[in-house]
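Enquirer: Input file: entry.cif. Contents: mmCIF, C-alpha atoms.
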```cif
data_work
loop_
_atom_site.group_PDB
_atom_site.id
_atom_site.type_symbol
_atom_site.label_atom_id
_atom_site.label_comp_id
_atom_site.auth_asym_id
_atom_site.auth_seq_id
_atom_site.Cartn_x
_atom_site.Cartn_y
_atom_site.Cartn_z
ATOM 1 C CA MET T 1 95.072 50.369 135.734
ATOM 2 C CA ASP T 2 92.999 50.406 132.535
ATOM 3 C CA PHE T 3 94.856 52.780 130.206
ATOM 4 C CA GLY T 4 92.036 52.635 127.669
ATOM 5 C CA PHE T 5 89.888 54.414 130.247
ATOM 6 C CA VAL T 6 92.469 57.153 130.586
ATOM 7 C CA PHE T 7 92.598 57.786 126.841
ATOM 8 C CA GLN T 8 89.007 59.041 126.957
ATOM 9 C CA TYR T 9 89.983 62.185 128.783
ATOM 10 C CA LYS T 10 91.725 65.293 127.579
ATOM 11 C CA SER T 11 93.887 65.274 130.687
ATOM 12 C CA PHE T 12 95.850 62.329 129.308
ATOM 13 C CA VAL T 13 96.504 64.222 126.066
ATOM 14 C CA LEU T 14 97.617 67.271 128.052
ATOM 15 C CA THR T 15 99.897 65.155 130.209
ATOM 16 C CA TYR T 16 101.377 63.558 127.091
ATOM 17 C CA ILE T 17 102.070 66.977 125.558
ATOM 18 C CA LEU T 18 103.775 68.216 128.735
ATOM 19 C CA VAL T 19 105.850 65.048 128.993
ATOM 20 C CA LEU T 20 106.759 65.331 125.315
ATOM 21 C CA ILE T 21 107.992 68.897 125.814
ATOM 22 C CA ARG T 22 110.466 67.903 128.503
ATOM 23 C CA THR T 23 111.440 64.677 126.756
ATOM 24 C CA ALA T 24 112.149 66.501 123.497
ATOM 25 C CA SER T 25 114.006 69.316 125.266
ATOM 26 C CA ILE T 26 116.339 66.771 126.891
ATOM 27 C CA LEU T 27 116.744 64.181 124.137
ATOM 28 C CA SER T 28 117.145 66.862 121.470
ATOM 29 C CA PHE T 29 120.422 67.863 123.105
ATOM 30 C CA VAL T 30 121.741 64.394 124.013
ATOM 31 C CA PRO T 31 124.883 63.958 121.863
ATOM 32 C CA VAL T 32 123.864 60.554 120.486
ATOM 33 C CA ILE T 33 120.266 61.315 119.550
ATOM 34 C CA ASN T 34 120.832 64.828 118.234
ATOM 35 C CA HIS T 35 123.728 63.770 116.008
ATOM 36 C CA PRO T 36 123.175 65.124 112.483
ATOM 37 C CA ALA T 37 123.818 61.667 111.018
ATOM 38 C CA LEU T 38 120.600 60.430 112.656
ATOM 39 C CA PRO T 39 117.623 61.262 110.402
ATOM 40 C CA ILE T 40 115.153 63.786 111.742
ATOM 41 C CA ALA T 41 112.268 61.350 111.249
ATOM 42 C CA VAL T 42 113.993 58.834 113.530
ATOM 43 C CA ARG T 43 114.623 61.480 116.194
ATOM 44 C CA VAL T 44 111.019 62.657 116.118
ATOM 45 C CA THR T 45 109.734 59.078 116.313
ATOM 46 C CA LEU T 46 111.981 58.327 119.297
ATOM 47 C CA ASN T 47 110.733 61.429 121.115
ATOM 48 C CA LEU T 48 107.078 60.637 120.439
ATOM 49 C CA PHE T 49 107.371 56.974 121.394
ATOM 50 C CA LEU T 50 109.423 57.599 124.548
ATOM 51 C CA ALA T 51 107.060 60.368 125.659
ATOM 52 C CA LEU T 52 104.120 57.983 125.238
ATOM 53 C CA MET T 53 105.808 55.296 127.322
ATOM 54 C CA LEU T 54 106.677 57.798 130.057
ATOM 55 C CA THR T 55 103.131 59.157 130.053
ATOM 56 C CA LEU T 56 101.709 55.689 130.577
ATOM 57 C CA LEU T 57 104.116 55.099 133.452
ATOM 58 C CA LEU T 58 103.347 58.464 135.035
ATOM 59 C CA THR T 59 99.587 58.052 134.806
ATOM 60 C CA ALA T 60 100.010 54.701 136.520
ATOM 61 C CA LYS T 61 101.745 56.628 139.322
ATOM 62 C CA GLY T 62 98.842 59.071 139.489
ATOM 63 C CA ILE T 63 100.712 61.982 137.872
ATOM 64 C CA ILE T 64 98.194 63.443 135.446
ATOM 65 C CA PHE T 65 97.171 67.011 134.640
ATOM 66 C CA ASP T 66 93.710 68.440 134.350
ATOM 67 C CA THR T 67 92.636 70.597 131.430
ATOM 68 C CA LYS T 68 91.969 73.442 133.861
ATOM 69 C CA VAL T 69 95.601 74.394 133.425
ATOM 70 C CA PHE T 70 94.556 76.074 130.175
ATOM 71 C CA GLU T 71 92.599 78.639 132.175
ATOM 72 C CA SER T 72 95.890 80.478 132.767
ATOM 73 C CA PRO T 73 97.709 80.748 129.409
ATOM 74 C CA LEU T 74 100.534 82.850 130.864
ATOM 75 C CA GLU T 75 101.206 80.359 133.635
ATOM 76 C CA LEU T 76 101.105 77.532 131.106
ATOM 77 C CA PHE T 77 103.559 79.322 128.804
ATOM 78 C CA LEU T 78 105.986 80.106 131.638
ATOM 79 C CA GLY T 79 105.768 76.520 132.860
ATOM 80 C CA ILE T 80 106.540 75.158 129.398
ATOM 81 C CA LEU T 81 109.418 77.614 129.002
ATOM 82 C CA ASN T 82 110.757 76.517 132.374
ATOM 83 C CA ASP T 83 110.578 72.865 131.306
ATOM 84 C CA VAL T 84 112.512 73.596 128.118
ATOM 85 C CA PHE T 85 115.184 75.459 130.070
ATOM 86 C CA PHE T 86 115.308 72.590 132.564
ATOM 87 C CA GLY T 87 115.947 70.085 129.776
ATOM 88 C CA PHE T 88 118.649 72.252 128.231
ATOM 89 C CA ALA T 89 120.385 72.722 131.597
ATOM 90 C CA VAL T 90 120.318 68.987 132.315
ATOM 91 C CA THR T 91 121.820 67.964 128.969
ATOM 92 C CA LEU T 92 124.360 70.790 129.138
ATOM 93 C CA TRP T 93 125.881 68.867 132.043
ATOM 94 C CA ILE T 94 126.727 65.984 129.675
ATOM 95 C CA ARG T 95 127.492 68.066 126.592
ATOM 96 C CA LEU T 96 130.237 69.908 128.471
ATOM 97 C CA PHE T 97 131.996 66.591 128.961
ATOM 98 C CA PHE T 98 131.672 65.716 125.268
ATOM 99 C CA THR T 99 133.025 69.157 124.397
ATOM 100 C CA ALA T 100 136.015 68.602 126.680
ATOM 101 C CA THR T 101 136.866 65.323 124.953
ATOM 102 C CA VAL T 102 136.600 66.823 121.466
ATOM 103 C CA PHE T 103 138.677 69.774 122.713
ATOM 104 C CA ALA T 104 141.395 67.313 123.782
ATOM 105 C CA GLY T 105 141.334 65.697 120.352
ATOM 106 C CA ASP T 106 141.623 69.077 118.656
ATOM 107 C CA ILE T 107 144.636 69.938 120.818
ATOM 108 C CA ILE T 108 146.325 66.649 119.922
ATOM 109 C CA GLY T 109 145.536 67.131 116.248
ATOM 110 C CA THR T 110 146.854 70.692 116.232
ATOM 111 C CA VAL T 111 150.145 70.084 118.042
ATOM 112 C CA GLY T 112 150.627 66.773 116.260
ATOM 113 C CA GLY T 113 150.471 68.309 112.800
ATOM 114 C CA PHE T 114 147.011 67.068 111.818
ATOM 115 C CA ALA T 115 145.460 70.521 111.694
ATOM 116 C CA MET T 116 146.379 70.776 108.018
ATOM 117 C CA ALA T 117 144.638 67.481 107.270
ATOM 118 C CA HIS T 118 141.051 68.552 107.771
ATOM 119 C CA ILE T 119 138.251 66.268 106.718
ATOM 120 C CA PHE T 120 134.912 67.395 105.404
ATOM 121 C CA ASP T 121 132.035 65.565 107.007
ATOM 122 C CA PRO T 122 128.606 66.529 105.597
ATOM 123 C CA THR T 123 127.116 65.901 109.048
ATOM 124 C CA ALA T 124 129.566 67.996 111.034
ATOM 125 C CA GLY T 125 131.506 70.279 108.698
ATOM 126 C CA GLN T 126 135.258 70.668 108.924
ATOM 127 C CA SER T 127 137.069 69.432 112.006
ATOM 128 C CA VAL T 128 140.424 68.047 113.077
ATOM 129 C CA ILE T 129 140.672 64.307 112.449
ATOM 130 C CA ILE T 130 141.703 63.430 116.009
ATOM 131 C CA GLY T 131 138.806 65.441 117.405
ATOM 132 C CA ARG T 132 136.375 63.499 115.230
ATOM 133 C CA PHE T 133 137.979 60.247 116.375
ATOM 134 C CA PHE T 134 137.473 61.158 120.024
ATOM 135 C CA LEU T 135 133.867 62.180 119.343
ATOM 136 C CA ILE T 136 133.072 58.857 117.659
ATOM 137 C CA ALA T 137 134.743 56.980 120.521
ATOM 138 C CA MET T 138 132.675 58.984 123.026
ATOM 139 C CA LEU T 139 129.435 58.202 121.212
ATOM 140 C CA MET T 140 130.300 54.498 121.194
ATOM 141 C CA LEU T 141 131.094 54.537 124.909
ATOM 142 C CA PHE T 142 127.879 56.427 125.632
ATOM 143 C CA VAL T 143 125.755 53.789 123.915
ATOM 144 C CA THR T 144 127.627 50.564 124.690
ATOM 145 C CA GLY T 145 128.305 51.590 128.283
ATOM 146 C CA GLY T 146 124.587 51.826 129.063
ATOM 147 C CA PHE T 147 124.696 55.574 129.705
ATOM 148 C CA LEU T 148 121.882 56.258 127.258
ATOM 149 C CA ASP T 149 119.649 53.854 129.195
ATOM 150 C CA ALA T 150 120.638 55.608 132.414
ATOM 151 C CA MET T 151 119.690 58.956 130.885
ATOM 152 C CA ILE T 152 116.235 57.654 129.947
ATOM 153 C CA GLN T 153 115.739 56.191 133.414
ATOM 154 C CA ALA T 154 116.854 59.458 135.007
ATOM 155 C CA LEU T 155 114.417 61.289 132.726
ATOM 156 C CA TYR T 156 111.564 59.168 134.076
ATOM 157 C CA LEU T 157 112.635 59.730 137.684
ATOM 158 C CA SER T 158 112.858 63.480 137.045
ATOM 159 C CA PHE T 159 109.092 63.530 136.451
ATOM 160 C CA LEU T 160 108.580 62.040 139.898
ATOM 161 C CA LYS T 161 110.766 64.668 141.532
ATOM 162 C CA TYR T 162 109.865 67.588 139.245
ATOM 163 C CA PRO T 163 106.415 67.092 137.670
ATOM 164 C CA PRO T 164 105.740 69.003 134.423
ATOM 165 C CA LEU T 165 105.275 72.752 134.936
ATOM 166 C CA HIS T 166 106.842 72.402 138.402
ATOM 167 C CA CYS T 167 110.564 72.368 137.605
ATOM 168 C CA GLN T 168 112.758 74.104 140.128
ATOM 169 C CA ILE T 169 116.342 74.749 139.064
ATOM 170 C CA GLU T 170 118.153 75.801 142.188
ATOM 171 C CA SER T 171 121.037 78.232 142.192
ATOM 172 C CA SER T 172 123.318 75.448 143.424
ATOM 173 C CA PHE T 173 122.671 73.513 140.215
ATOM 174 C CA LEU T 174 123.502 76.531 138.057
ATOM 175 C CA TRP T 175 126.678 77.080 140.048
ATOM 176 C CA MET T 176 127.525 73.400 139.520
ATOM 177 C CA LEU T 177 127.148 73.893 135.756
ATOM 178 C CA VAL T 178 129.645 76.759 135.949
ATOM 179 C CA LYS T 179 132.098 74.474 137.752
ATOM 180 C CA LYS T 180 131.527 71.733 135.179
ATOM 181 C CA PHE T 181 132.318 74.261 132.462
ATOM 182 C CA ASN T 182 135.643 75.048 134.142
ATOM 183 C CA GLN T 183 136.381 71.368 134.732
ATOM 184 C CA SER T 184 135.735 70.551 131.084
ATOM 185 C CA PHE T 185 138.776 72.573 129.989
ATOM 186 C CA SER T 186 140.916 70.959 132.691
ATOM 187 C CA LEU T 187 139.775 67.505 131.580
ATOM 188 C CA GLY T 188 140.563 68.267 127.943
ATOM 189 C CA ILE T 189 144.063 69.420 128.802
ATOM 190 C CA GLN T 190 144.545 66.391 131.069
ATOM 191 C CA ILE T 191 143.643 63.987 128.264
ATOM 192 C CA ALA T 192 145.807 65.760 125.692
ATOM 193 C CA SER T 193 148.800 66.484 127.959
ATOM 194 C CA PRO T 194 150.748 63.221 127.271
ATOM 195 C CA ILE T 195 150.756 63.797 123.506
ATOM 196 C CA VAL T 196 151.533 67.493 123.952
ATOM 197 C CA LEU T 197 154.521 66.594 126.145
ATOM 198 C CA ILE T 198 155.770 64.051 123.604
ATOM 199 C CA VAL T 199 155.532 66.586 120.764
ATOM 200 C CA LEU T 200 157.347 69.159 122.886
ATOM 201 C CA LEU T 201 160.190 66.737 123.613
ATOM 202 C CA PHE T 202 160.360 65.814 119.925
ATOM 203 C CA ASN T 203 160.619 69.469 118.877
ATOM 204 C CA ILE T 204 163.364 70.096 121.440
ATOM 205 C CA SER T 205 165.257 67.062 120.158
ATOM 206 C CA LEU T 206 164.764 68.245 116.601
ATOM 207 C CA ALA T 207 166.127 71.671 117.494
ATOM 208 C CA LEU T 208 169.238 70.068 118.989
ATOM 209 C CA VAL T 209 169.714 67.969 115.853
ATOM 210 C CA ALA T 210 169.385 71.062 113.671
ATOM 211 C CA ARG T 211 171.977 72.788 115.839
ATOM 212 C CA VAL T 212 174.439 69.928 115.610
ATOM 213 C CA MET T 213 173.804 69.175 111.917
ATOM 214 C CA PRO T 214 173.003 72.470 110.153
ATOM 215 C CA GLN T 215 173.234 70.872 106.716
ATOM 216 C CA MET T 216 170.281 68.591 107.469
ATOM 217 C CA ASN T 217 166.867 69.688 106.169
ATOM 218 C CA VAL T 218 165.036 69.427 109.496
ATOM 219 C CA PHE T 219 161.707 70.699 108.201
ATOM 220 C CA PHE T 220 161.598 67.998 105.528
ATOM 221 C CA VAL T 221 162.103 65.265 108.138
ATOM 222 C CA ALA T 222 160.114 66.790 111.007
ATOM 223 C CA ILE T 223 156.564 66.563 109.688
ATOM 224 C CA PRO T 224 156.407 62.841 108.709
ATOM 225 C CA VAL T 225 158.386 61.788 111.780
ATOM 226 C CA GLN T 226 156.208 63.886 114.063
ATOM 227 C CA LEU T 227 153.026 62.449 112.571
ATOM 228 C CA SER T 228 154.363 58.914 112.964
ATOM 229 C CA ILE T 229 155.366 59.492 116.599
ATOM 230 C CA VAL T 230 152.006 61.033 117.490
ATOM 231 C CA LEU T 231 150.084 58.169 115.869
ATOM 232 C CA LEU T 232 152.293 55.587 117.568
ATOM 233 C CA PHE T 233 151.945 57.044 121.062
ATOM 234 C CA LEU T 234 148.256 57.730 120.489
ATOM 235 C CA ALA T 235 147.751 54.051 119.668
ATOM 236 C CA LEU T 236 149.706 53.056 122.781
ATOM 237 C CA ILE T 237 147.915 55.309 125.268
ATOM 238 C CA SER T 238 144.441 55.278 123.703
ATOM 239 C CA PRO T 239 143.242 52.483 126.047
ATOM 240 C CA TYR T 240 144.256 54.586 129.063
ATOM 241 C CA MET T 241 142.592 57.658 127.570
ATOM 242 C CA MET T 242 139.395 55.721 126.957
ATOM 243 C CA GLU T 243 139.510 54.452 130.536
ATOM 244 C CA ILE T 244 139.770 58.007 131.856
ATOM 245 C CA ILE T 245 136.942 59.109 129.575
ATOM 246 C CA TYR T 246 134.753 56.164 130.589
ATOM 247 C CA ASP T 247 135.307 56.686 134.326
ATOM 248 C CA THR T 248 134.636 60.400 134.053
ATOM 249 C CA LEU T 249 131.517 59.828 131.969
ATOM 250 C CA ARG T 250 130.226 57.299 134.497
ATOM 251 C CA GLU T 251 130.859 59.776 137.299
ATOM 252 C CA GLU T 252 129.044 62.573 135.459
ATOM 253 C CA ILE T 253 126.049 60.381 134.592
ATOM 254 C CA SER T 254 125.867 59.166 138.196
ATOM 255 C CA GLY T 255 125.887 62.748 139.473
ATOM 256 C CA LEU T 256 123.173 63.712 137.026
ATOM 257 C CA PHE T 257 121.158 60.628 137.956
ATOM 258 C CA ILE T 258 121.352 61.558 141.655
ATOM 259 C CA PHE T 259 120.262 65.115 140.911
ATOM 260 C CA LEU T 260 117.252 64.032 138.851
ATOM 261 C CA SER T 261 116.106 61.193 141.101
ATOM 262 C CA SER T 262 116.896 62.213 144.670
ATOM 263 C CA GLY T 263 114.541 64.077 146.893
#
```
If you took the structure in this file and wrote it as structure tokens, what would it be?
Expert:
Amino acid sequence: MDFGFVFQYKSFVLTYILVLIRTASILSFVPVINHPALPIAVRVTLNLFLALMLTLLLTAKGIIFDTKVFESPLELFLGILNDVFFGFAVTLWIRLFFTATVFAGDIIGTVGGFAMAHIFDPTAGQSVIIGRFFLIAMLMLFVTGGFLDAMIQALYLSFLKYPPLHCQIESSFLWMLVKKFNQSFSLGIQIASPIVLIVLLFNISLALVARVMPQMNVFFVAIPVQLSIVLLFLALISPYMMEIIYDTLREEISGLFIFLSSG
């Protein structure tokens, strides 16, 4: 197909704008691309370039819109609004999982005594150190594991299943998002539970020591020992935590890929 021929028509420009709306609405909420550390100019360039590539692929498939769509401004506005909501709902699926992982890190940091040691990150504000560690690890897994490529491929396939202005978010998908929201808290607690159990056992042991040796300043010893134990066990079980996170992320991306590409 001669794409130079297509560029002569306004329909290609309209198709590009509609593709850009959905692409931006999805990529703007993907945790890696929308990270504050990534400059806005880079994010905008990625959206524009990816939308152009998708438009070329879609026009090759025969998916192109005519300028007659402008004859109904209300229908056009509702269709665009529906596309934006579709993109937000799709990325919410993945963001819930990222939130669960950061939630687990915050739990570990709080019970482990790191809540007092906040760091100030100009890109994210104040947060618990362990939570930031889990977030960085998640971002690395998302990129190095090929999940970002899978998201872009699923985005392309979504245009084949749901062309622009024709998105249909079924009630089953919304109900699935509600279940994912509930599962995110369970996953966070599951990841943090080993460290929480270790801290609980340490505090019980410390209480017994304080009972047997009242003259010992337990509070003076507790904080550095507790921090050391948490860091030690966190270093030991981090590979298993990352394995759980990776497997769950792969499962979530696969489910999202099936939803966007099937049918």
Enquirer: Just how far from atom CA of T:Phe134 is atom CA of T:Ala235, in Å to one decimal?
Expert: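 Going from atom CA of T:Ala235 over to atom CA of T:Phe134 covers 12.5 Å.
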Enquirer: Taking all atoms listed in the file into account, name the residue in T:Arg95, T:Lys180, T:Lys61, T:Arg211 that is nearest to T:Val32.
Expert: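 Using all atoms listed in the file, T:Val32 sits closest to T:Arg95.
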Enquirer: If I take atom CA of T:Leu78 and atom CA of T:Leu174, how far is one from the other in Å, to one decimal?
Expert: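 Separating atom CA of T:Leu78 from atom CA of T:Leu174 is a distance of 19.0 Å.
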Enquirer: Report, in Å to a single decimal, how far apart atom CA of T:Leu148 and atom CA of T:Arg22 are.
Expert: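 Separation between atom CA of T:Arg22 and atom CA of T:Leu148: 16.4 Å.
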Enquirer: What lies within 9 Å of T:Gly188 using only C-alpha atoms, ignoring chain neighbours under 6 positions off, as a list in words?
Expert: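 Final neighbour list, sorted by chain and number: Phe97, Thr99, Ala100, Thr101, Val102, Phe103, Ala104, Gly105 and Ile107 of chain T.
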Enquirer: Could you work out an axis-aligned bounding box for all listed atoms of stretch 152-158 of chain T, with 8 Å added on each of the six sides, and give its centre and edge lengths in Å to one decimal, as AutoDock Vina command-line options?
Expert:
```
--center_x 114.2 --center_y 59.8 --center_z 133.8 --size_x 21.3 --size_y 23.3 --size_z 23.7
```
Enquirer: Hey, what's within 9 Å of T:Thr55 if we count only C-alpha atoms and toss same-chain stuff fewer than 5 positions away? As a list in words, please?
Expert: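 Everything that qualifies: Phe12, Thr15, Tyr16, Val19, Leu20, Leu50, Ala60, Ile63 and Ile64 of chain T.
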Enquirer: Written as a PDB file with C-alpha atoms, in the frame of the given file, what is the full residue list that the PyMOL selection byres ((chain T and resi 255) around 12) yields on the file shown?
Expert:
```pdb
ATOM      1  CA  VAL T  90     120.318  68.987 132.315  1.00  0.00           C
ATOM      2  CA  TRP T  93     125.881  68.867 132.043  1.00  0.00           C
ATOM      3  CA  ILE T  94     126.727  65.984 129.675  1.00  0.00           C
ATOM      4  CA  ALA T 150     120.638  55.608 132.414  1.00  0.00           C
ATOM      5  CA  MET T 151     119.690  58.956 130.885  1.00  0.00           C
ATOM      6  CA  ALA T 154     116.854  59.458 135.007  1.00  0.00           C
ATOM      7  CA  PHE T 173     122.671  73.513 140.215  1.00  0.00           C
ATOM      8  CA  MET T 176     127.525  73.400 139.520  1.00  0.00           C
ATOM      9  CA  LEU T 177     127.148  73.893 135.756  1.00  0.00           C
ATOM     10  CA  LYS T 180     131.527  71.733 135.179  1.00  0.00           C
ATOM     11  CA  THR T 248     134.636  60.400 134.053  1.00  0.00           C
ATOM     12  CA  LEU T 249     131.517  59.828 131.969  1.00  0.00           C
ATOM     13  CA  ARG T 250     130.226  57.299 134.497  1.00  0.00           C
ATOM     14  CA  GLU T 251     130.859  59.776 137.299  1.00  0.00           C
ATOM     15  CA  GLU T 252     129.044  62.573 135.459  1.00  0.00           C
ATOM     16  CA  ILE T 253     126.049  60.381 134.592  1.00  0.00           C
ATOM     17  CA  SER T 254     125.867  59.166 138.196  1.00  0.00           C
ATOM     18  CA  LEU T 256     123.173  63.712 137.026  1.00  0.00           C
ATOM     19  CA  PHE T 257     121.158  60.628 137.956  1.00  0.00           C
ATOM     20  CA  ILE T 258     121.352  61.558 141.655  1.00  0.00           C
ATOM     21  CA  PHE T 259     120.262  65.115 140.911  1.00  0.00           C
ATOM     22  CA  LEU T 260     117.252  64.032 138.851  1.00  0.00           C
ATOM     23  CA  SER T 261     116.106  61.193 141.101  1.00  0.00           C
ATOM     24  CA  SER T 262     116.896  62.213 144.670  1.00  0.00           C
TER      25      SER T 262
END
```
Enquirer: Determine the residue membership of the PyMOL selection byres ((chain T and resi 30) around 10) for the file above and supply it as JSON, numbers by chain.
Expert: {"T": [24, 25, 26, 27, 28, 29, 31, 32, 33, 34, 35, 87, 88, 90, 91, 92, 94, 95, 148, 151]}
Enquirer: Please expand the PyMOL selection byres ((chain T and resi 141) around 12) into the concrete residues it hits in this file, giving the result as a PyMOL selection string.
Expert: chain T and resi 31-32+98+134-140+142-148+242-250
Enquirer: Hey, can you pull every residue with an atom no more than 9 Å from (109.7, 52.1, 137.7), using all atoms listed in the file, and send it as a PDB file with C-alpha atoms, keeping the file's coordinate frame?
Expert:
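Contents of the output file out02.pdb:
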```pdb
ATOM      1  CA  LEU T  57     104.116  55.099 133.452  1.00  0.00           C
ATOM      2  CA  GLN T 153     115.739  56.191 133.414  1.00  0.00           C
ATOM      3  CA  TYR T 156     111.564  59.168 134.076  1.00  0.00           C
ATOM      4  CA  LEU T 157     112.635  59.730 137.684  1.00  0.00           C
TER       5      LEU T 157
END
```
Enquirer: With only C-alpha atoms as the basis for distance, which of T:Phe133, T:Leu227, T:Thr59, T:Leu165 is at the shortest distance from T:Phe77?
Expert: T:Leu165
Enquirer: Considering only C-alpha atoms, can you say which of T:Met241, T:Leu96, T:Ala210, T:Ile129 comes closest to T:Gln190?
Expert: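 Looking only at the distances to T:Gln190, the closest residue turns out to be T:Met241.
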Enquirer: Hey, which of T:Ile130, T:Met53, T:Ile40, T:Leu81 ends up closest to T:Ser238? Count all atoms listed in the file.
Expert: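 Going through T:Ile130, T:Met53, T:Ile40, T:Leu81 one by one, the smallest distance to T:Ser238 is for T:Ile130.
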Enquirer: Env of T:Leu18: 9 Å cut, atoms = all atoms listed in the file, seq-sep filter 3 positions within chain, self excluded. Answer as an MDAnalysis selection string.
Expert: chainID T and resid 13:15 21:23 65 80 83 164:165
